[in-house]
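Here is the file protein_19.cif (mmCIF, C-alpha atoms; chains and numbers go by the auth columns).
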data_coords
loop_
_atom_site.group_PDB
_atom_site.id
_atom_site.type_symbol
_atom_site.label_atom_id
_atom_site.label_comp_id
_atom_site.label_asym_id
_atom_site.label_seq_id
_atom_site.Cartn_x
_atom_site.Cartn_y
_atom_site.Cartn_z
_atom_site.B_iso_or_equiv
_atom_site.auth_seq_id
_atom_site.auth_asym_id
ATOM 1 C CA MET A 1 74.365 -9.867 208.165 0.00 1 A
ATOM 2 C CA GLY A 2 75.977 -7.096 206.099 0.00 2 A
ATOM 3 C CA CYS A 3 77.844 -9.418 203.753 0.00 3 A
ATOM 4 C CA GLU A 4 74.700 -11.520 203.293 0.00 4 A
ATOM 5 C CA THR A 5 72.555 -8.550 202.319 0.00 5 A
ATOM 6 C CA SER A 6 75.201 -7.208 199.938 0.00 6 A
ATOM 7 C CA LYS A 7 74.186 -9.796 197.323 0.00 7 A
ATOM 8 C CA TYR A 8 71.010 -7.734 196.901 0.00 8 A
ATOM 9 C CA ALA A 9 72.862 -4.445 196.529 0.00 9 A
ATOM 10 C CA ALA A 10 71.613 -4.133 192.952 0.00 10 A
ATOM 11 C CA VAL A 11 68.063 -3.839 194.271 0.00 11 A
ATOM 12 C CA SER A 12 67.328 -0.240 195.218 0.00 12 A
ATOM 13 C CA TYR A 13 66.604 0.630 198.825 0.00 13 A
ATOM 14 C CA GLU A 14 63.353 2.234 197.636 0.00 14 A
ATOM 15 C CA GLU A 15 62.196 -1.123 196.266 0.00 15 A
ATOM 16 C CA LYS A 16 63.126 -2.929 199.467 0.00 16 A
ATOM 17 C CA LEU A 17 61.302 -0.278 201.496 0.00 17 A
ATOM 18 C CA ARG A 18 58.248 -0.560 199.244 0.00 18 A
ATOM 19 C CA LEU A 19 58.008 -4.273 199.957 0.00 19 A
ATOM 20 C CA PHE A 20 58.602 -3.744 203.674 0.00 20 A
ATOM 21 C CA GLU A 21 55.762 -1.210 203.776 0.00 21 A
ATOM 22 C CA GLN A 22 53.468 -3.819 202.237 0.00 22 A
ATOM 23 C CA VAL A 23 54.438 -6.226 205.012 0.00 23 A
ATOM 24 C CA LYS A 24 54.001 -3.606 207.712 0.00 24 A
ATOM 25 C CA GLY A 25 50.717 -2.465 206.198 0.00 25 A
ATOM 26 C CA ASP A 26 49.136 -5.898 206.492 0.00 26 A
ATOM 27 C CA GLU A 27 46.390 -5.769 209.119 0.00 27 A
ATOM 28 C CA ARG A 28 47.797 -8.893 210.810 0.00 28 A
ATOM 29 C CA PHE A 29 51.248 -7.376 211.318 0.00 29 A
ATOM 30 C CA ALA A 30 50.453 -5.537 214.567 0.00 30 A
ATOM 31 C CA HIS A 31 48.966 -8.723 216.037 0.00 31 A
ATOM 32 C CA TYR A 32 52.018 -10.815 215.173 0.00 32 A
ATOM 33 C CA LEU A 33 54.790 -8.538 216.418 0.00 33 A
ATOM 34 C CA TYR A 34 54.950 -6.932 219.858 0.00 34 A
ATOM 35 C CA GLY A 35 58.704 -6.800 220.436 0.00 35 A
ATOM 36 C CA CYS A 36 61.487 -9.323 221.015 0.00 36 A
ATOM 37 C CA TYR A 37 63.018 -10.368 224.350 0.00 37 A
ATOM 38 C CA GLU A 38 65.790 -12.242 222.483 0.00 38 A
ATOM 39 C CA CYS A 39 65.070 -15.217 224.729 0.00 39 A
ATOM 40 C CA GLY A 40 65.403 -17.749 221.888 0.00 40 A
ATOM 41 C CA VAL A 41 62.322 -19.784 222.803 0.00 41 A
ATOM 42 C CA CYS A 42 61.052 -19.602 219.206 0.00 42 A
ATOM 43 C CA VAL A 43 64.343 -21.020 217.922 0.00 43 A
ATOM 44 C CA ALA A 44 64.419 -23.761 220.550 0.00 44 A
ATOM 45 C CA VAL A 45 61.005 -25.115 219.516 0.00 45 A
ATOM 46 C CA CYS A 46 61.440 -24.573 215.756 0.00 46 A
ATOM 47 C CA PRO A 47 61.756 -27.868 213.797 0.00 47 A
ATOM 48 C CA SER A 48 63.189 -26.077 210.742 0.00 48 A
ATOM 49 C CA ALA A 49 66.059 -24.732 212.849 0.00 49 A
ATOM 50 C CA ARG A 50 67.205 -28.348 213.266 0.00 50 A
ATOM 51 C CA PHE A 51 67.824 -28.750 209.556 0.00 51 A
ATOM 52 C CA TYR A 52 68.719 -25.266 208.302 0.00 52 A
ATOM 53 C CA ASP A 53 70.648 -22.171 209.287 0.00 53 A
ATOM 54 C CA PHE A 54 67.278 -20.692 210.154 0.00 54 A
ATOM 55 C CA SER A 55 66.063 -18.558 213.038 0.00 55 A
ATOM 56 C CA PRO A 56 62.537 -17.182 213.481 0.00 56 A
ATOM 57 C CA ARG A 57 64.055 -14.784 216.022 0.00 57 A
ATOM 58 C CA TRP A 58 66.234 -13.124 213.365 0.00 58 A
ATOM 59 C CA ILE A 59 63.154 -12.443 211.268 0.00 59 A
ATOM 60 C CA ALA A 60 61.145 -10.985 214.155 0.00 60 A
ATOM 61 C CA GLN A 61 64.064 -8.783 215.173 0.00 61 A
ATOM 62 C CA ALA A 62 64.667 -7.494 211.628 0.00 62 A
ATOM 63 C CA LEU A 63 61.002 -6.559 211.301 0.00 63 A
ATOM 64 C CA ALA A 64 60.968 -4.912 214.728 0.00 64 A
ATOM 65 C CA ARG A 65 64.014 -2.826 213.753 0.00 65 A
ATOM 66 C CA GLU A 66 62.394 -2.048 210.369 0.00 66 A
ATOM 67 C CA ASP A 67 65.590 -3.116 208.653 0.00 67 A
ATOM 68 C CA ALA A 68 64.363 -3.126 205.049 0.00 68 A
ATOM 69 C CA ASP A 69 67.655 -4.499 203.705 0.00 69 A
ATOM 70 C CA LEU A 70 67.647 -7.495 206.029 0.00 70 A
ATOM 71 C CA VAL A 71 63.918 -8.072 205.629 0.00 71 A
ATOM 72 C CA TYR A 72 64.426 -8.242 201.853 0.00 72 A
ATOM 73 C CA LYS A 73 67.177 -10.824 202.334 0.00 73 A
ATOM 74 C CA PHE A 74 64.918 -12.920 204.572 0.00 74 A
ATOM 75 C CA MET A 75 62.019 -12.564 202.098 0.00 75 A
ATOM 76 C CA ASN A 76 64.214 -14.016 199.354 0.00 76 A
ATOM 77 C CA GLU A 77 65.814 -16.793 201.386 0.00 77 A
ATOM 78 C CA ASP A 78 64.972 -17.697 204.977 0.00 78 A
ATOM 79 C CA VAL A 79 61.176 -17.507 204.897 0.00 79 A
ATOM 80 C CA TRP A 80 61.062 -20.485 202.522 0.00 80 A
ATOM 81 C CA ASP A 81 62.780 -22.689 205.131 0.00 81 A
ATOM 82 C CA CYS A 82 59.866 -22.275 207.545 0.00 82 A
ATOM 83 C CA SER A 83 57.584 -25.303 207.953 0.00 83 A
ATOM 84 C CA GLN A 84 54.661 -23.085 209.049 0.00 84 A
ATOM 85 C CA CYS A 85 53.958 -25.275 212.077 0.00 85 A
ATOM 86 C CA PHE A 86 53.634 -22.200 214.337 0.00 86 A
ATOM 87 C CA SER A 87 55.509 -23.828 217.201 0.00 87 A
ATOM 88 C CA CYS A 88 57.127 -20.401 217.561 0.00 88 A
ATOM 89 C CA ASP A 89 53.825 -19.066 218.898 0.00 89 A
ATOM 90 C CA LYS A 90 55.118 -20.194 222.290 0.00 90 A
ATOM 91 C CA CYS A 91 56.866 -16.802 222.414 0.00 91 A
ATOM 92 C CA PRO A 92 56.450 -15.275 225.908 0.00 92 A
ATOM 93 C CA ARG A 93 56.081 -11.848 224.274 0.00 93 A
ATOM 94 C CA LYS A 94 53.144 -13.187 222.228 0.00 94 A
ATOM 95 C CA ASN A 95 54.927 -12.684 218.912 0.00 95 A
ATOM 96 C CA SER A 96 54.123 -15.020 216.030 0.00 96 A
ATOM 97 C CA PRO A 97 57.212 -15.368 213.825 0.00 97 A
ATOM 98 C CA GLY A 98 55.296 -17.940 211.791 0.00 98 A
ATOM 99 C CA GLY A 99 52.550 -15.401 211.183 0.00 99 A
ATOM 100 C CA LEU A 100 55.103 -12.783 210.148 0.00 100 A
ATOM 101 C CA ILE A 101 56.664 -15.261 207.749 0.00 101 A
ATOM 102 C CA THR A 102 53.229 -15.908 206.257 0.00 102 A
ATOM 103 C CA ILE A 103 52.925 -12.201 205.469 0.00 103 A
ATOM 104 C CA LEU A 104 56.456 -12.065 204.050 0.00 104 A
ATOM 105 C CA ARG A 105 55.736 -15.030 201.795 0.00 105 A
ATOM 106 C CA GLU A 106 52.488 -13.524 200.564 0.00 106 A
ATOM 107 C CA VAL A 107 54.197 -10.225 199.718 0.00 107 A
ATOM 108 C CA ALA A 108 56.930 -12.139 197.872 0.00 108 A
ATOM 109 C CA VAL A 109 54.338 -14.062 195.859 0.00 109 A
ATOM 110 C CA ARG A 110 52.178 -11.018 195.075 0.00 110 A
ATOM 111 C CA ASN A 111 55.213 -9.153 193.790 0.00 111 A
ATOM 112 C CA GLY A 112 56.446 -12.074 191.709 0.00 112 A
ATOM 113 C CA LEU A 113 59.860 -12.344 193.375 0.00 113 A
ATOM 114 C CA LYS A 114 62.072 -14.981 191.790 0.00 114 A
ATOM 115 C CA SER A 115 62.586 -16.554 195.203 0.00 115 A
ATOM 116 C CA ALA A 116 58.848 -17.196 195.457 0.00 116 A
ATOM 117 C CA LYS A 117 58.682 -18.717 191.994 0.00 117 A
ATOM 118 C CA ASP A 118 61.682 -20.957 192.683 0.00 118 A
ATOM 119 C CA ALA A 119 60.379 -22.057 196.093 0.00 119 A
ATOM 120 C CA LEU A 120 56.906 -22.879 194.793 0.00 120 A
ATOM 121 C CA GLU A 121 57.957 -24.517 191.532 0.00 121 A
ATOM 122 C CA GLY A 122 57.528 -28.034 192.896 0.00 122 A
ATOM 123 C CA TYR A 123 54.102 -27.281 194.320 0.00 123 A
ATOM 124 C CA GLY A 124 52.310 -26.740 191.010 0.00 124 A
ATOM 125 C CA ARG A 125 51.004 -30.298 190.898 0.00 125 A
ATOM 126 C CA ILE A 126 49.747 -30.107 194.477 0.00 126 A
ATOM 127 C CA ILE A 127 48.042 -26.754 193.915 0.00 127 A
ATOM 128 C CA TYR A 128 46.352 -28.126 190.808 0.00 128 A
ATOM 129 C CA LYS A 129 45.299 -31.327 192.594 0.00 129 A
ATOM 130 C CA ILE A 130 43.823 -29.495 195.587 0.00 130 A
ATOM 131 C CA MET A 131 42.097 -26.785 193.575 0.00 131 A
ATOM 132 C CA SER A 132 40.709 -29.054 190.886 0.00 132 A
ATOM 133 C CA THR A 133 39.623 -32.020 193.015 0.00 133 A
ATOM 134 C CA GLY A 134 39.781 -30.891 196.653 0.00 134 A
ATOM 135 C CA THR A 135 42.196 -33.700 197.542 0.00 135 A
ATOM 136 C CA GLN A 136 45.727 -33.534 198.822 0.00 136 A
ATOM 137 C CA VAL A 137 49.156 -35.012 198.089 0.00 137 A
ATOM 138 C CA ALA A 138 49.341 -38.365 196.330 0.00 138 A
ATOM 139 C CA PRO A 139 52.191 -40.666 197.480 0.00 139 A
ATOM 140 C CA ASP A 140 54.011 -40.477 194.143 0.00 140 A
ATOM 141 C CA MET A 141 54.376 -36.712 194.601 0.00 141 A
ATOM 142 C CA LEU A 142 56.653 -37.163 197.606 0.00 142 A
ATOM 143 C CA GLN A 143 60.008 -36.677 195.924 0.00 143 A
ATOM 144 C CA PRO A 144 62.975 -34.825 197.491 0.00 144 A
ATOM 145 C CA ALA A 145 63.710 -32.876 194.299 0.00 145 A
ATOM 146 C CA ALA A 146 60.238 -31.343 194.392 0.00 146 A
ATOM 147 C CA PHE A 147 60.174 -30.654 198.135 0.00 147 A
ATOM 148 C CA PRO A 148 63.707 -29.935 199.404 0.00 148 A
ATOM 149 C CA ASP A 149 62.309 -27.783 202.208 0.00 149 A
ATOM 150 C CA TRP A 150 60.621 -30.790 203.799 0.00 150 A
ATOM 151 C CA GLY A 151 63.942 -31.950 205.166 0.00 151 A
ATOM 152 C CA PRO A 152 65.577 -35.398 204.958 0.00 152 A
ATOM 153 C CA HIS A 153 62.415 -37.279 205.927 0.00 153 A
ATOM 154 C CA VAL A 154 60.874 -36.906 202.459 0.00 154 A
ATOM 155 C CA LYS A 155 63.907 -38.665 200.950 0.00 155 A
ATOM 156 C CA GLU A 156 63.360 -41.609 203.283 0.00 156 A
ATOM 157 C CA ILE A 157 59.691 -41.799 202.305 0.00 157 A
ATOM 158 C CA SER A 158 60.531 -41.654 198.594 0.00 158 A
ATOM 159 C CA GLU A 159 63.160 -44.386 198.811 0.00 159 A
ATOM 160 C CA ASN A 160 60.848 -46.707 200.767 0.00 160 A
ATOM 161 C CA LEU A 161 57.615 -45.927 198.960 0.00 161 A
ATOM 162 C CA GLN A 162 57.153 -49.543 197.825 0.00 162 A
ATOM 163 C CA TRP A 163 57.128 -50.659 201.473 0.00 163 A
ATOM 164 C CA TRP A 164 54.726 -47.906 202.488 0.00 164 A
ATOM 165 C CA ARG A 165 52.390 -49.092 199.744 0.00 165 A
ATOM 166 C CA ARG A 166 52.144 -52.552 201.329 0.00 166 A
ATOM 167 C CA ALA A 167 50.710 -50.923 204.435 0.00 167 A
ATOM 168 C CA LEU A 168 48.032 -49.061 202.441 0.00 168 A
ATOM 169 C CA PRO A 169 44.790 -50.343 200.927 0.00 169 A
ATOM 170 C CA PRO A 170 45.151 -50.764 197.113 0.00 170 A
ATOM 171 C CA GLU A 171 42.606 -48.028 196.332 0.00 171 A
ATOM 172 C CA THR A 172 44.736 -45.358 198.057 0.00 172 A
ATOM 173 C CA LEU A 173 47.937 -45.981 196.104 0.00 173 A
ATOM 174 C CA HIS A 174 47.574 -43.091 193.679 0.00 174 A
ATOM 175 C CA THR A 175 45.124 -40.687 195.265 0.00 175 A
ATOM 176 C CA THR A 176 43.525 -39.590 198.503 0.00 176 A
ATOM 177 C CA GLU A 177 40.095 -39.381 196.878 0.00 177 A
ATOM 178 C CA THR A 178 38.710 -42.347 198.817 0.00 178 A
ATOM 179 C CA SER A 179 39.656 -40.807 202.134 0.00 179 A
ATOM 180 C CA TRP A 180 38.345 -37.313 201.375 0.00 180 A
ATOM 181 C CA ASP A 181 35.357 -36.995 199.075 0.00 181 A
ATOM 182 C CA VAL A 182 34.779 -33.288 198.421 0.00 182 A
ATOM 183 C CA SER A 183 31.332 -32.282 197.209 0.00 183 A
ATOM 184 C CA GLU A 184 30.765 -30.134 194.128 0.00 184 A
ATOM 185 C CA GLN A 185 29.099 -27.495 196.301 0.00 185 A
ATOM 186 C CA THR A 186 32.172 -27.254 198.537 0.00 186 A
ATOM 187 C CA LEU A 187 34.451 -26.896 195.524 0.00 187 A
ATOM 188 C CA ARG A 188 32.296 -24.125 194.086 0.00 188 A
ATOM 189 C CA GLU A 189 32.376 -22.260 197.386 0.00 189 A
ATOM 190 C CA LEU A 190 36.164 -22.621 197.556 0.00 190 A
ATOM 191 C CA TYR A 191 36.505 -21.333 193.988 0.00 191 A
ATOM 192 C CA LEU A 192 34.506 -18.235 194.854 0.00 192 A
ATOM 193 C CA ILE A 193 36.626 -17.619 197.950 0.00 193 A
ATOM 194 C CA TRP A 194 39.880 -17.993 195.965 0.00 194 A
ATOM 195 C CA HIS A 195 38.503 -15.704 193.281 0.00 195 A
ATOM 196 C CA VAL A 196 37.318 -12.817 195.474 0.00 196 A
ATOM 197 C CA THR A 197 40.228 -12.934 197.941 0.00 197 A
ATOM 198 C CA GLY A 198 42.928 -12.634 195.286 0.00 198 A
ATOM 199 C CA VAL A 199 44.378 -16.143 195.609 0.00 199 A
ATOM 200 C CA MET A 200 44.192 -16.633 191.866 0.00 200 A
ATOM 201 C CA GLU A 201 46.103 -13.428 191.215 0.00 201 A
ATOM 202 C CA MET A 202 48.839 -14.611 193.585 0.00 202 A
ATOM 203 C CA ILE A 203 49.103 -17.891 191.665 0.00 203 A
ATOM 204 C CA LYS A 204 49.289 -15.942 188.410 0.00 204 A
ATOM 205 C CA GLU A 205 52.369 -14.078 189.676 0.00 205 A
ATOM 206 C CA VAL A 206 54.107 -17.393 190.355 0.00 206 A
ATOM 207 C CA ASP A 207 52.945 -19.571 187.447 0.00 207 A
ATOM 208 C CA GLU A 208 50.872 -18.112 184.607 0.00 208 A
ATOM 209 C CA GLY A 209 50.421 -21.519 182.969 0.00 209 A
ATOM 210 C CA LEU A 210 48.987 -23.044 186.136 0.00 210 A
ATOM 211 C CA HIS A 211 46.793 -19.978 186.589 0.00 211 A
ATOM 212 C CA MET A 212 45.283 -20.436 183.110 0.00 212 A
ATOM 213 C CA ILE A 213 44.538 -24.113 183.718 0.00 213 A
ATOM 214 C CA LEU A 214 42.930 -23.450 187.102 0.00 214 A
ATOM 215 C CA MET A 215 40.861 -20.564 185.758 0.00 215 A
ATOM 216 C CA ASP A 216 39.497 -22.843 183.035 0.00 216 A
ATOM 217 C CA VAL A 217 38.514 -25.432 185.663 0.00 217 A
ATOM 218 C CA MET A 218 37.014 -22.822 187.984 0.00 218 A
ATOM 219 C CA GLU A 219 35.090 -20.923 185.332 0.00 219 A
ATOM 220 C CA GLU A 220 33.537 -24.087 183.944 0.00 220 A
ATOM 221 C CA LYS A 221 32.419 -25.286 187.380 0.00 221 A
ATOM 222 C CA LEU A 222 31.046 -21.881 188.409 0.00 222 A
ATOM 223 C CA GLU A 223 29.290 -21.229 185.110 0.00 223 A
ATOM 224 C CA GLU A 224 27.595 -24.630 185.352 0.00 224 A
ATOM 225 C CA ALA A 225 26.306 -23.544 188.763 0.00 225 A
ATOM 226 C CA GLY A 226 25.035 -20.220 187.378 0.00 226 A
ATOM 227 C CA PHE A 227 27.733 -17.902 188.765 0.00 227 A
ATOM 228 C CA ASP A 228 28.968 -14.932 186.756 0.00 228 A
ATOM 229 C CA LEU A 229 32.623 -14.188 187.613 0.00 229 A
ATOM 230 C CA GLU A 230 32.570 -10.813 185.878 0.00 230 A
ATOM 231 C CA ALA A 231 29.586 -9.737 187.962 0.00 231 A
ATOM 232 C CA THR A 232 31.390 -10.956 191.079 0.00 232 A
ATOM 233 C CA GLU A 233 34.398 -8.783 190.232 0.00 233 A
ATOM 234 C CA GLU A 234 32.168 -5.724 189.785 0.00 234 A
ATOM 235 C CA ASP A 235 30.542 -6.323 193.174 0.00 235 A
#

In structure tokens, write the structure found in this file.
Amino acid sequence: MGCETSKYAAVSYEEKLRLFEQVKGDERFAHYLYGCYECGVCVAVCPSARFYDFSPRWIAQALAREDADLVYKFMNEDVWDCSQCFSCDKCPRKNSPGGLITILREVAVRNGLKSAKDALEGYGRIIYKIMSTGTQVAPDMLQPAAFPDWGPHVKEISENLQWWRRALPPETLHTTETSWDVSEQTLRELYLIWHVTGVMEMIKEVDEGLHMILMDVMEEKLEEAGFDLEATEED
């Protein structure tokens, strides 16, 4: 791994250690990492390992060894290949590589790493759609250029979208609204959760433009319902 980590030689060890300490300091860390048997079960059940040079075991081992250099490399590259399916929770040692990767991703986003911005660039439309309407991915969003980490299957879906449409009712062609009607009350509650838990600040680190748009949507909805965001921040 030495030659792979050398590409980040310009980043000081102190900075890499600072980020590692944030990962280690997360309250979930101790519940996700107990030690590695090197049995390879997590790799054997990992769907991402079928498509990429990816190993959840490498990540667990690097964190267990507290190898800040290697952890930094994984934070900038490998963690974005994970599908977050948590199949790796089958670990006989009770580790959760998927959980560890969640923490690594969150630290990368909070610190505005370029890798996080690049990996999440294609998700802006989905984030906006979910946070503004409560609905999910529309069929037209499924394009391989936007979601390269979804593997080759998304390319097949994109190329055959016209045939998939024939199997769907006309009203679901452009949105999932008819299959998931989210109430205004639910949206307001979600906005408050995103606001007080720091989700919005994480989005700001990745995409300031998207953050501004979402804040406008959120503030309008919450103000209409009588909530004062400034008072919430003070509390």

Point to revise | Hits of the PyMOL selection byres ((chain A and resi 11-28) around 8) in this structure, as a ChimeraX atom specification | key: /A:8-10,29-32,66,68-69,71-72,103-104,107

Exercise for review: Starting from the displayed file, determine the output of the PyMOL selection byres ((chain A and resi 41) around 8) and express the residue list as a list of chain:residue names.
Suggested key: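 On the file shown, the PyMOL selection byres ((chain A and resi 41) around 8) covers A:Cys39, A:Gly40, A:Cys42, A:Val43, A:Ala44, A:Val45, A:Cys88, A:Lys90, A:Cys91.
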
Practice item. Please evaluate the PyMOL selection byres ((chain A and resi 82-84) around 9) against the structure above and give the resulting residues as a ChimeraX atom specification. Key: /A:46-49,54,56,78-81,85-87,98-99,101-102,149-150

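Among the candidates A:Ala62, A:Tyr128, A:Glu189, A:Ser55, the residue lying nearest to A:Met212 is A:Tyr128 (atoms considered: all atoms listed in the file).
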
Point to revise | Among listed residues A:Gln61, A:Ser158, A:Asn111, A:Asn95, nearest A:Asn76 (using all atoms listed in the file) | key: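 Residue with the minimum atom-to-atom distance to A:Asn76: A:Asn111.
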
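Atom CA of A:Pro92 lies 8.3 Å from atom CA of A:Tyr37.
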
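Every protein, DNA or RNA residue with an atom at most 10 Å from A:Met200, where all atoms listed in the file count and chain neighbours fewer than 4 positions away do not, is listed here: Tyr191, Ile193, Trp194, His195, Val196, Lys204, Glu205, Glu208, Leu210, His211, Met212, Leu214 and Met215 of chain A.
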
Check your understanding: Which distance in Å separates atom CA of A:Ala225 and atom CA of A:Ile127, to one decimal?
Key -> 22.6 Å

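Note that atom CA of A:Glu184 and atom CA of A:Phe227 are 13.7 Å apart.
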
Exercise for review: For a cut-off of 6 Å around (63.9, -36.4, 197.0), file coordinates, pick out all residues using all atoms listed in the file and list them as a list in words.
Suggested key: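 In the file's frame, the residues around the point are Gln143, Pro144, Ala145 and Lys155 of chain A.
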
Selection file, C-alpha atoms, as a tab-separated table (two decimals), in the coordinates of the input:
chain	number	residue	atom	x	y	z
A	143	GLN	CA	60.01	-36.68	195.92
A	144	PRO	CA	62.98	-34.83	197.49
A	145	ALA	CA	63.71	-32.88	194.30
A	155	LYS	CA	63.91	-38.66	200.95

Starting from the incomplete input, reconstruct N, CA and C atoms of stretch 78-90 of chain A and report them as a short mmCIF file (atom, residue, chain, number, x, y, z; two decimals), keeping the file's coordinate frame.
data_model
loop_
_atom_site.label_atom_id
_atom_site.label_comp_id
_atom_site.auth_asym_id
_atom_site.auth_seq_id
_atom_site.Cartn_x
_atom_site.Cartn_y
_atom_site.Cartn_z
N ASP A 78 65.32 -16.98 203.75
CA ASP A 78 64.97 -17.70 204.98
C ASP A 78 63.50 -18.08 205.12
N VAL A 79 62.59 -17.21 204.66
CA VAL A 79 61.18 -17.51 204.90
C VAL A 79 60.72 -18.81 204.24
N TRP A 80 61.46 -19.26 203.22
CA TRP A 80 61.06 -20.48 202.52
C TRP A 80 61.57 -21.73 203.24
N ASP A 81 62.34 -21.55 204.32
CA ASP A 81 62.78 -22.69 205.13
C ASP A 81 61.80 -22.99 206.26
N CYS A 82 60.83 -22.12 206.46
CA CYS A 82 59.87 -22.28 207.54
C CYS A 82 58.86 -23.37 207.21
N SER A 83 58.55 -24.23 208.18
CA SER A 83 57.58 -25.30 207.95
C SER A 83 56.16 -24.87 208.28
N GLN A 84 55.98 -23.63 208.73
CA GLN A 84 54.66 -23.08 209.05
C GLN A 84 53.89 -23.94 210.05
N CYS A 85 54.61 -24.47 211.03
CA CYS A 85 53.96 -25.28 212.08
C CYS A 85 53.47 -24.40 213.23
N PHE A 86 53.99 -23.18 213.31
CA PHE A 86 53.63 -22.20 214.34
C PHE A 86 53.98 -22.64 215.75
N SER A 87 54.99 -23.50 215.87
CA SER A 87 55.51 -23.83 217.20
C SER A 87 56.06 -22.58 217.87
N CYS A 88 56.53 -21.63 217.05
CA CYS A 88 57.13 -20.40 217.56
C CYS A 88 56.12 -19.51 218.27
N ASP A 89 54.83 -19.85 218.18
CA ASP A 89 53.82 -19.07 218.90
C ASP A 89 53.93 -19.23 220.41
N LYS A 90 54.87 -20.05 220.85
CA LYS A 90 55.12 -20.19 222.29
C LYS A 90 55.87 -18.99 222.86
#
